[in-house]
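Asker: Just passing along the structure, written as structure tokens.
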Amino acid sequence: MNEFLQSHSTKLLGSMPVVKSFEGRLASLNDWWGKITLIGKINSHNVATTILDDMSRTQLKFGELQKQLTRNLLVENLQKLVLDNSSKAQVAIDLLIRNLFERTADVGFLATDDDIRVFLGSENVSAEQTQFIENRLQEYVKKYSVYDEIIVFDAQGNVKAHLDKTNPICHSNDALLAATLTSEQDYVETFRYSDLQSERRHSLIYSCKITQTDDKRSPVLGILCLCFRFDDEMNSIFDGLLMPDDIAVLAVIDREGQVIASSDEKLLPLNTEFKGDAGLRMLNYRRHDYIVNMRSTNGYQGFYGLGWRGQMMTGLDRAFGREEMQPSRNGYTEIMHQASSFPQELREIHRASSDINTDLGLLVLNGQIASARKNATEFMPVLEAIKQIGSDITTIFDASVKSLQEVTVMSSHLNNAGFLASLAVDIMDRNLYERANDCRWWALTSAFRRGLSNTALSFAETRQISEILQYINALYTAYTNLYLYDSQGRILAVSAPQQQMLVGIKLDESSGATEALKHSDSQHYTVSAFEETHLYSNRHTYIYNAAITDLDDSRKVLGGIGIVFDSEPQFESMLNDVLPRDKQGEVLAGCFGVFAQRNQTIIAVANNPALKPGDTLEVDAAFFGLKTGHRSSEVIQQNGASYILGVAVSKGYREYKVQDGYRNDVVAMVFIPF
């Protein structure tokens, strides 16, 4: 950032009204000081020249201090903007990559669906069979609502079934189909225009070959393509990161440097090209200067997608002209002086300005004594003017440092803490959205429905169901166990071999199974309360449940599926991912994060071994009353230490916790030592 500041300091200063104001006042004061000194030299021959020399030397100190202050005002204002913009650019691309990581598992799993394999393996497919598969695809999208089209091709590129009836596709020669057939990878990811969705300007497609068995070397039956709702997802991310009055443009840039998503397509249209991959730069775009922050993704569990980057672009003429957020509480000045995060240079500037005022006070006192001795009454107005200059210096420097403390530095810390808490709970909602989808989709597995329709499962059927559960669990590692239970809530099969002792036991109401068995609607799911359970080694977790219904009569409930979320490492990882880090990538010392319920019960903790799930979090209860979807930040005292606390309450993701009837407000808190 220093290089950026050196290259563009003149432009930056011209765009910062507050900094220009302070600089102007200091320059005017310095100019007046020079005139006073000159007047003193001309009219006060009877006064010792050492006093006038001291005035000149002190003025030189003031001039150097003025430059230091101006630079620090520039640095801190720029740093606040860069922190905010780079954070949003980083989060935009990382949220997207997290979402797309889930899609890579989806396409591989759905491509092994037995019903789709049977359908493609049939020689003479009836209209009823096609309708059955398309209904099944519809069920899939009702749960995984991130897709707007699913297409099943045969190996020759002929459409055998698809979801979107407004899409006129019957056959495709798109190169992605041939690439999928010849690929040794588990999936192929494609983003561009495609005739798979000919009326769309671009499509993000995940494709996978459908083979006769789970052995990838078995005969190829066809190709599965999942079309992701890319524009819809990007609008959701942009809306979540940008305020309604935000003047910046947030975008996603592809590997070639072209804009593929923009929060303002009028100002920054798709396909606009950006050269290079500089993290921070000044760019002249459409005859206006912009500060541009570009960030590469951190990836997620080894997945980096197609090399896309997030970019935030702010017009220089408006970047620093907005009215800054004022802290919610007065009296930060003393705290800021003690804070390790307060810039050392500003401490020294504040101290040096006080020293200059002290020097001027002594100079005036010496001048008064000398004037009295020599009866130099003509020098008294000069001394009074110098005294006023000292007072003005104190006023201006105090005001400028306070502005940096409370308006720039403090608001930057507060904004960042609230933003990180909001990000943490957003990641949680997005993750648990997938869990609600998983249990409902797996409940529709035909093998499960056929098996549970029998009065008693045979050994072979039990083994088949167990193998399917194990296969699913191996792909979806966010669970410690998946289990099937009958209509009485008795466990019939499990995915985890070490949990085999659970087979035969009856689930209690706390697992969520009893409520799940009451609902035959394929969209319904239940979630246990977050509490200790023997199903998770007597630790706290959520268990997601969905009913399994009869293949011939979907109103008849045969049993259900329960999936045990591995909450401790999963939630801890989510919190760790948002905690602020140093230049070496390590979490800043003393920072920690918490997920909690509204009753202050801790759900998860990261980086604080003194707290654990199930404990009560001793923080002001008012923070837990924050409205759904809102965030806040404040400086608090906790166990004798000062923290900047960021707080945010979950708002759900898509229909999850918004339109599906499930309510479970989670409060995320990020504690940053001050």
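Letters for chains follow the order of the structure tokens (A, B, ...), residue numbers begin at 1 for each chain, and ligand numbers begin at 1 in the order shown.
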Neighbours of Val259 (chain A) within 6 Å (only C-alpha atoms; same-chain residues fewer than 4 positions away dropped), as a PyMOL selection string?
Answerer: chain A and resi 252-253+270-272
Asker: Would you list the contacts of region 614-630 of chain A as an MDAnalysis selection string, taking every protein, DNA or RNA residue within 9 Å and counting only C-alpha atoms, but skipping same-chain residues closer than 4 positions in sequence?
Answerer: chainID A and resid 422 530:532 539:540 594 596:604 636 638 647:652 665:667
Asker: Tell me, as JSON, numbers by chain, which residues lie within 6 Å of Gly593 (chain A), counting only C-alpha atoms; anything in the same chain fewer than 3 positions away does not count.
Answerer: {"A": [575, 605, 606, 669, 670]}
Asker: Ranking A:Phe132, A:Trp32, A:Tyr483, A:Tyr285 by minimum distance to Lys506 (chain A) and counting only C-alpha atoms, which one comes first?
Answerer: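 Ranked by minimum distance to Lys506 (chain A), first place goes to A:Tyr483.
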Asker: According to DSSP computed on the backbone, where in region 464-622 of chain A is there strand (DSSP E)? Give the residues as JSON, numbers by chain.
Answerer: {"A": [479, 480, 481, 482, 483, 484, 485, 486, 491, 492, 493, 494, 526, 527, 531, 532, 533, 539, 540, 541, 543, 544, 545, 546, 547, 548, 549, 557, 558, 559, 560, 561, 562, 563, 564, 565, 592, 593, 594, 595, 596, 597, 602, 603, 604, 605, 606]}
Asker: Please return as a ChimeraX atom specification: the residues of region 449-659 of chain A that backbone DSSP assigns to alpha helix (DSSP H).
Answerer: /A:449-452,459-475,513-516,567-578
Asker: Grab the residues selected above and save them as a compact mmCIF listing (two decimals), in the first residue's frame with N, CA, C and O atoms.
Answerer:
```txt
# COMPACT_ATOMS: atom_id res chain seq x y z
N ARG A 449 -36.81 -46.84 -0.12
CA ARG A 449 -38.28 -46.91 -0.14
C ARG A 449 -38.76 -48.34 -0.40
O ARG A 449 -39.74 -48.79 0.21
N ARG A 450 -38.06 -49.03 -1.28
CA ARG A 450 -38.43 -50.42 -1.55
C ARG A 450 -38.16 -51.29 -0.32
O ARG A 450 -38.98 -52.13 0.07
N GLY A 451 -37.00 -51.07 0.30
CA GLY A 451 -36.64 -51.89 1.46
C GLY A 451 -37.60 -51.71 2.62
O GLY A 451 -38.05 -52.68 3.24
N LEU A 452 -37.95 -50.44 2.90
CA LEU A 452 -38.82 -50.17 4.05
C LEU A 452 -40.27 -50.58 3.79
O LEU A 452 -41.07 -50.66 4.73
N PHE A 459 -31.48 -59.87 5.31
CA PHE A 459 -30.06 -59.58 5.53
C PHE A 459 -29.47 -58.87 4.31
O PHE A 459 -28.71 -57.92 4.45
N ALA A 460 -29.84 -59.35 3.11
CA ALA A 460 -29.32 -58.75 1.88
C ALA A 460 -29.79 -57.31 1.73
O ALA A 460 -29.02 -56.43 1.31
N GLU A 461 -31.05 -57.03 2.06
CA GLU A 461 -31.59 -55.67 1.96
C GLU A 461 -30.90 -54.74 2.96
O GLU A 461 -30.57 -53.59 2.64
N THR A 462 -30.70 -55.25 4.17
CA THR A 462 -30.02 -54.45 5.19
C THR A 462 -28.60 -54.12 4.75
O THR A 462 -28.13 -52.98 4.91
N ARG A 463 -27.92 -55.11 4.19
CA ARG A 463 -26.56 -54.88 3.72
C ARG A 463 -26.54 -53.86 2.58
O ARG A 463 -25.68 -52.97 2.54
N GLN A 464 -27.51 -53.96 1.64
CA GLN A 464 -27.58 -53.02 0.53
C GLN A 464 -27.80 -51.60 1.04
O GLN A 464 -27.12 -50.66 0.61
N ILE A 465 -28.74 -51.44 1.96
CA ILE A 465 -29.03 -50.11 2.52
C ILE A 465 -27.81 -49.56 3.25
O ILE A 465 -27.45 -48.39 3.12
N SER A 466 -27.14 -50.41 4.02
CA SER A 466 -25.95 -49.98 4.75
C SER A 466 -24.85 -49.54 3.80
O SER A 466 -24.15 -48.54 4.04
N GLU A 467 -24.68 -50.28 2.70
CA GLU A 467 -23.66 -49.93 1.72
C GLU A 467 -23.96 -48.60 1.05
O GLU A 467 -23.05 -47.80 0.78
N ILE A 468 -25.24 -48.35 0.77
CA ILE A 468 -25.63 -47.06 0.18
C ILE A 468 -25.34 -45.92 1.16
O ILE A 468 -24.79 -44.88 0.78
N LEU A 469 -25.70 -46.14 2.42
CA LEU A 469 -25.44 -45.11 3.44
C LEU A 469 -23.94 -44.85 3.57
O LEU A 469 -23.50 -43.70 3.70
N GLN A 470 -23.14 -45.93 3.53
CA GLN A 470 -21.69 -45.77 3.63
C GLN A 470 -21.15 -45.00 2.43
O GLN A 470 -20.26 -44.15 2.57
N TYR A 471 -21.68 -45.31 1.25
CA TYR A 471 -21.24 -44.63 0.03
C TYR A 471 -21.54 -43.13 0.11
O TYR A 471 -20.69 -42.29 -0.21
N ILE A 472 -22.75 -42.82 0.56
CA ILE A 472 -23.13 -41.40 0.68
C ILE A 472 -22.24 -40.70 1.70
O ILE A 472 -21.70 -39.62 1.45
N ASN A 473 -22.04 -41.34 2.86
CA ASN A 473 -21.26 -40.72 3.93
C ASN A 473 -19.81 -40.50 3.51
O ASN A 473 -19.17 -39.53 3.94
N ALA A 474 -19.30 -41.39 2.66
CA ALA A 474 -17.93 -41.23 2.17
C ALA A 474 -17.80 -40.00 1.28
O ALA A 474 -16.76 -39.34 1.25
N LEU A 475 -18.88 -39.67 0.56
CA LEU A 475 -18.88 -38.48 -0.30
C LEU A 475 -19.14 -37.22 0.49
O LEU A 475 -18.58 -36.16 0.20
N ALA A 513 -36.80 -37.48 15.07
CA ALA A 513 -37.41 -38.55 14.27
C ALA A 513 -38.92 -38.60 14.44
O ALA A 513 -39.66 -38.78 13.47
N THR A 514 -39.40 -38.47 15.66
CA THR A 514 -40.83 -38.56 15.94
C THR A 514 -41.62 -37.54 15.13
O THR A 514 -42.66 -37.86 14.52
N GLU A 515 -41.12 -36.31 15.07
CA GLU A 515 -41.80 -35.26 14.32
C GLU A 515 -41.71 -35.52 12.82
O GLU A 515 -42.67 -35.30 12.08
N ALA A 516 -40.57 -36.02 12.36
CA ALA A 516 -40.40 -36.30 10.93
C ALA A 516 -41.39 -37.34 10.44
O ALA A 516 -41.91 -37.26 9.32
N SER A 567 -20.84 -31.35 14.14
CA SER A 567 -20.90 -29.91 14.44
C SER A 567 -19.60 -29.32 14.97
O SER A 567 -19.23 -28.20 14.59
N GLU A 568 -18.89 -30.03 15.83
CA GLU A 568 -17.72 -29.41 16.48
C GLU A 568 -16.66 -28.96 15.47
O GLU A 568 -16.31 -27.78 15.43
N PRO A 569 -16.11 -29.85 14.63
CA PRO A 569 -15.09 -29.37 13.69
C PRO A 569 -15.66 -28.49 12.59
O PRO A 569 -14.98 -27.56 12.13
N GLN A 570 -16.90 -28.77 12.16
CA GLN A 570 -17.49 -28.00 11.07
C GLN A 570 -17.72 -26.55 11.49
O GLN A 570 -17.34 -25.61 10.78
N PHE A 571 -18.36 -26.35 12.63
CA PHE A 571 -18.64 -24.99 13.10
C PHE A 571 -17.36 -24.26 13.49
O PHE A 571 -17.20 -23.06 13.24
N GLU A 572 -16.43 -24.99 14.12
CA GLU A 572 -15.17 -24.36 14.50
C GLU A 572 -14.42 -23.87 13.26
O GLU A 572 -13.84 -22.79 13.25
N SER A 573 -14.45 -24.68 12.20
CA SER A 573 -13.80 -24.29 10.94
C SER A 573 -14.44 -23.04 10.35
O SER A 573 -13.74 -22.14 9.87
N MET A 574 -15.78 -22.96 10.38
CA MET A 574 -16.47 -21.78 9.85
C MET A 574 -16.04 -20.52 10.60
O MET A 574 -15.78 -19.47 10.00
N LEU A 575 -15.97 -20.62 11.93
CA LEU A 575 -15.58 -19.46 12.74
C LEU A 575 -14.11 -19.11 12.50
O LEU A 575 -13.75 -17.94 12.37
N ASN A 576 -13.25 -20.13 12.44
CA ASN A 576 -11.83 -19.88 12.20
C ASN A 576 -11.59 -19.17 10.88
O ASN A 576 -10.70 -18.33 10.76
N ASP A 577 -12.41 -19.52 9.89
CA ASP A 577 -12.24 -18.94 8.55
C ASP A 577 -12.47 -17.43 8.52
O ASP A 577 -11.98 -16.75 7.61
N VAL A 578 -13.23 -16.88 9.48
CA VAL A 578 -13.54 -15.45 9.45
C VAL A 578 -12.71 -14.64 10.43
O VAL A 578 -12.73 -13.41 10.37
```
Asker: Residues within 9 Å of Ala589 (chain A), please, as a PyMOL selection string. Count only C-alpha atoms; anything in the same chain fewer than 3 positions from it doesn't count.
Answerer: chain A and resi 581-582+586+592+672-673
Asker: Those same residues - N, CA and C atoms - I'd like them written as a CSV table (one decimal), in the first residue's frame.
Answerer:
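out-v7.csv was written with the following content:
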```
chain,number,residue,atom,x,y,z
A,581,ARG,N,-6.5,-12.2,10.6
A,581,ARG,CA,-5.2,-12.8,10.6
A,581,ARG,C,-4.1,-11.8,10.4
A,582,ASP,N,-2.9,-12.2,10.8
A,582,ASP,CA,-1.7,-11.3,10.6
A,582,ASP,C,-1.1,-11.6,9.2
A,586,GLU,N,-1.7,-16.2,10.3
A,586,GLU,CA,-2.1,-16.7,11.6
A,586,GLU,C,-3.2,-15.9,12.2
A,592,PHE,N,-11.2,-14.5,19.1
A,592,PHE,CA,-12.0,-15.8,19.1
A,592,PHE,C,-13.4,-15.5,18.6
A,672,ILE,N,-12.4,-9.3,19.1
A,672,ILE,CA,-11.1,-8.9,18.6
A,672,ILE,C,-10.4,-8.1,19.8
A,673,PRO,N,-9.3,-8.5,20.3
A,673,PRO,CA,-8.7,-7.7,21.4
A,673,PRO,C,-8.4,-6.3,21.0
```
Asker: Determine, counting only C-alpha atoms, which protein, DNA and RNA residues have an atom within 9 Å of an atom of Gln68 (chain A); residues of the same chain fewer than 5 positions away are not included. Present the result as a list in words.
Answerer: Gly63, Leu73, Glu345, Leu346 and Ile349 of chain A
Asker: Leaving out region 85-88 of chain A and any residue of its chain fewer than 5 positions from it, which residues lie within 9 Å of it when counting only C-alpha atoms, given as a ChimeraX atom specification?
Answerer: /A:80,93,241-242,248,250,279-280,292-295,310-314,416,419
Asker: Export N, CA and C atoms of the chosen residues as a tab-separated table (two decimals), in the first residue's frame?
Answerer:
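For reference, again35.tsv as written:
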```tsv
chain	number	residue	atom	x	y	z
A	80	LYS	N	-8.64	2.31	5.69
A	80	LYS	CA	-10.02	1.96	6.01
A	80	LYS	C	-10.77	1.52	4.76
A	93	ILE	N	-15.83	-13.72	-3.67
A	93	ILE	CA	-15.32	-14.86	-4.42
A	93	ILE	C	-15.29	-16.12	-3.55
A	241	LEU	N	-23.52	-8.15	0.53
A	241	LEU	CA	-22.27	-7.47	0.85
A	241	LEU	C	-22.34	-5.96	0.69
A	242	LEU	N	-23.22	-5.47	-0.18
A	242	LEU	CA	-23.30	-4.04	-0.45
A	242	LEU	C	-24.51	-3.41	0.22
A	248	ALA	N	-19.69	1.69	-4.44
A	248	ALA	CA	-18.70	0.83	-5.10
A	248	ALA	C	-19.39	-0.20	-5.98
A	250	LEU	N	-19.07	-4.14	-7.18
A	250	LEU	CA	-18.48	-5.43	-6.85
A	250	LEU	C	-18.63	-6.35	-8.05
A	279	GLY	N	-3.40	-6.50	-6.73
A	279	GLY	CA	-4.33	-6.50	-5.62
A	279	GLY	C	-4.95	-5.14	-5.37
A	280	LEU	N	-4.14	-4.07	-5.51
A	280	LEU	CA	-4.62	-2.70	-5.28
A	280	LEU	C	-4.02	-1.81	-6.36
A	292	VAL	N	-9.16	0.23	-7.23
A	292	VAL	CA	-9.59	-1.14	-7.53
A	292	VAL	C	-8.88	-2.12	-6.61
A	293	ASN	N	-9.66	-2.97	-5.94
A	293	ASN	CA	-9.12	-4.05	-5.13
A	293	ASN	C	-9.52	-5.38	-5.76
A	294	MET	N	-8.54	-6.20	-6.09
A	294	MET	CA	-8.81	-7.52	-6.69
A	294	MET	C	-8.25	-8.60	-5.77
A	295	ARG	N	-9.03	-9.66	-5.55
A	295	ARG	CA	-8.60	-10.73	-4.66
A	295	ARG	C	-8.83	-12.09	-5.29
A	310	GLY	N	-12.42	-11.95	-7.11
A	310	GLY	CA	-13.38	-10.93	-6.71
A	310	GLY	C	-12.76	-9.55	-6.88
A	311	GLN	N	-13.57	-8.56	-7.24
A	311	GLN	CA	-13.04	-7.21	-7.44
A	311	GLN	C	-14.02	-6.16	-6.92
A	312	MET	N	-13.48	-5.20	-6.19
A	312	MET	CA	-14.24	-4.06	-5.70
A	312	MET	C	-13.66	-2.81	-6.34
A	313	MET	N	-14.53	-1.95	-6.88
A	313	MET	CA	-14.09	-0.77	-7.62
A	313	MET	C	-14.84	0.45	-7.08
A	314	THR	N	-14.11	1.44	-6.56
A	314	THR	CA	-14.73	2.62	-5.96
A	314	THR	C	-14.23	3.88	-6.66
A	416	ASN	N	-15.51	-3.68	10.63
A	416	ASN	CA	-14.90	-4.95	10.28
A	416	ASN	C	-15.40	-6.08	11.18
A	419	PHE	N	-18.89	-6.96	10.27
A	419	PHE	CA	-18.88	-7.64	8.98
A	419	PHE	C	-18.45	-9.09	9.13
```
Asker: Could you give me, as a PyMOL selection string, the residues within 12 Å of Ile169 (chain A), counting only C-alpha atoms and dropping anything in the same chain fewer than 2 positions from it?
Answerer: chain A and resi 149-153+157-167+171-174+194-199
Asker: Mind giving me the straight-line distance from CA of Ile210 (chain A) to CA of Leu137 (chain A) in Å, one decimal?
Answerer: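 Atom-to-atom, CA of Ile210 (chain A) to CA of Leu137 (chain A), that is 15.1 Å.
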Asker: Which residue gives the smallest distance to Leu110 (chain A) among A:Asp231, A:Asp359, A:Asp289, A:Asp186, with only C-alpha atoms counted?
Answerer: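 For Leu110 (chain A), the nearest of the given residues is A:Asp186.
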Asker: In Å to one decimal, how far is CA of Pro497 (chain A) from CA of Val107 (chain A)?
Answerer: 26.3 Å
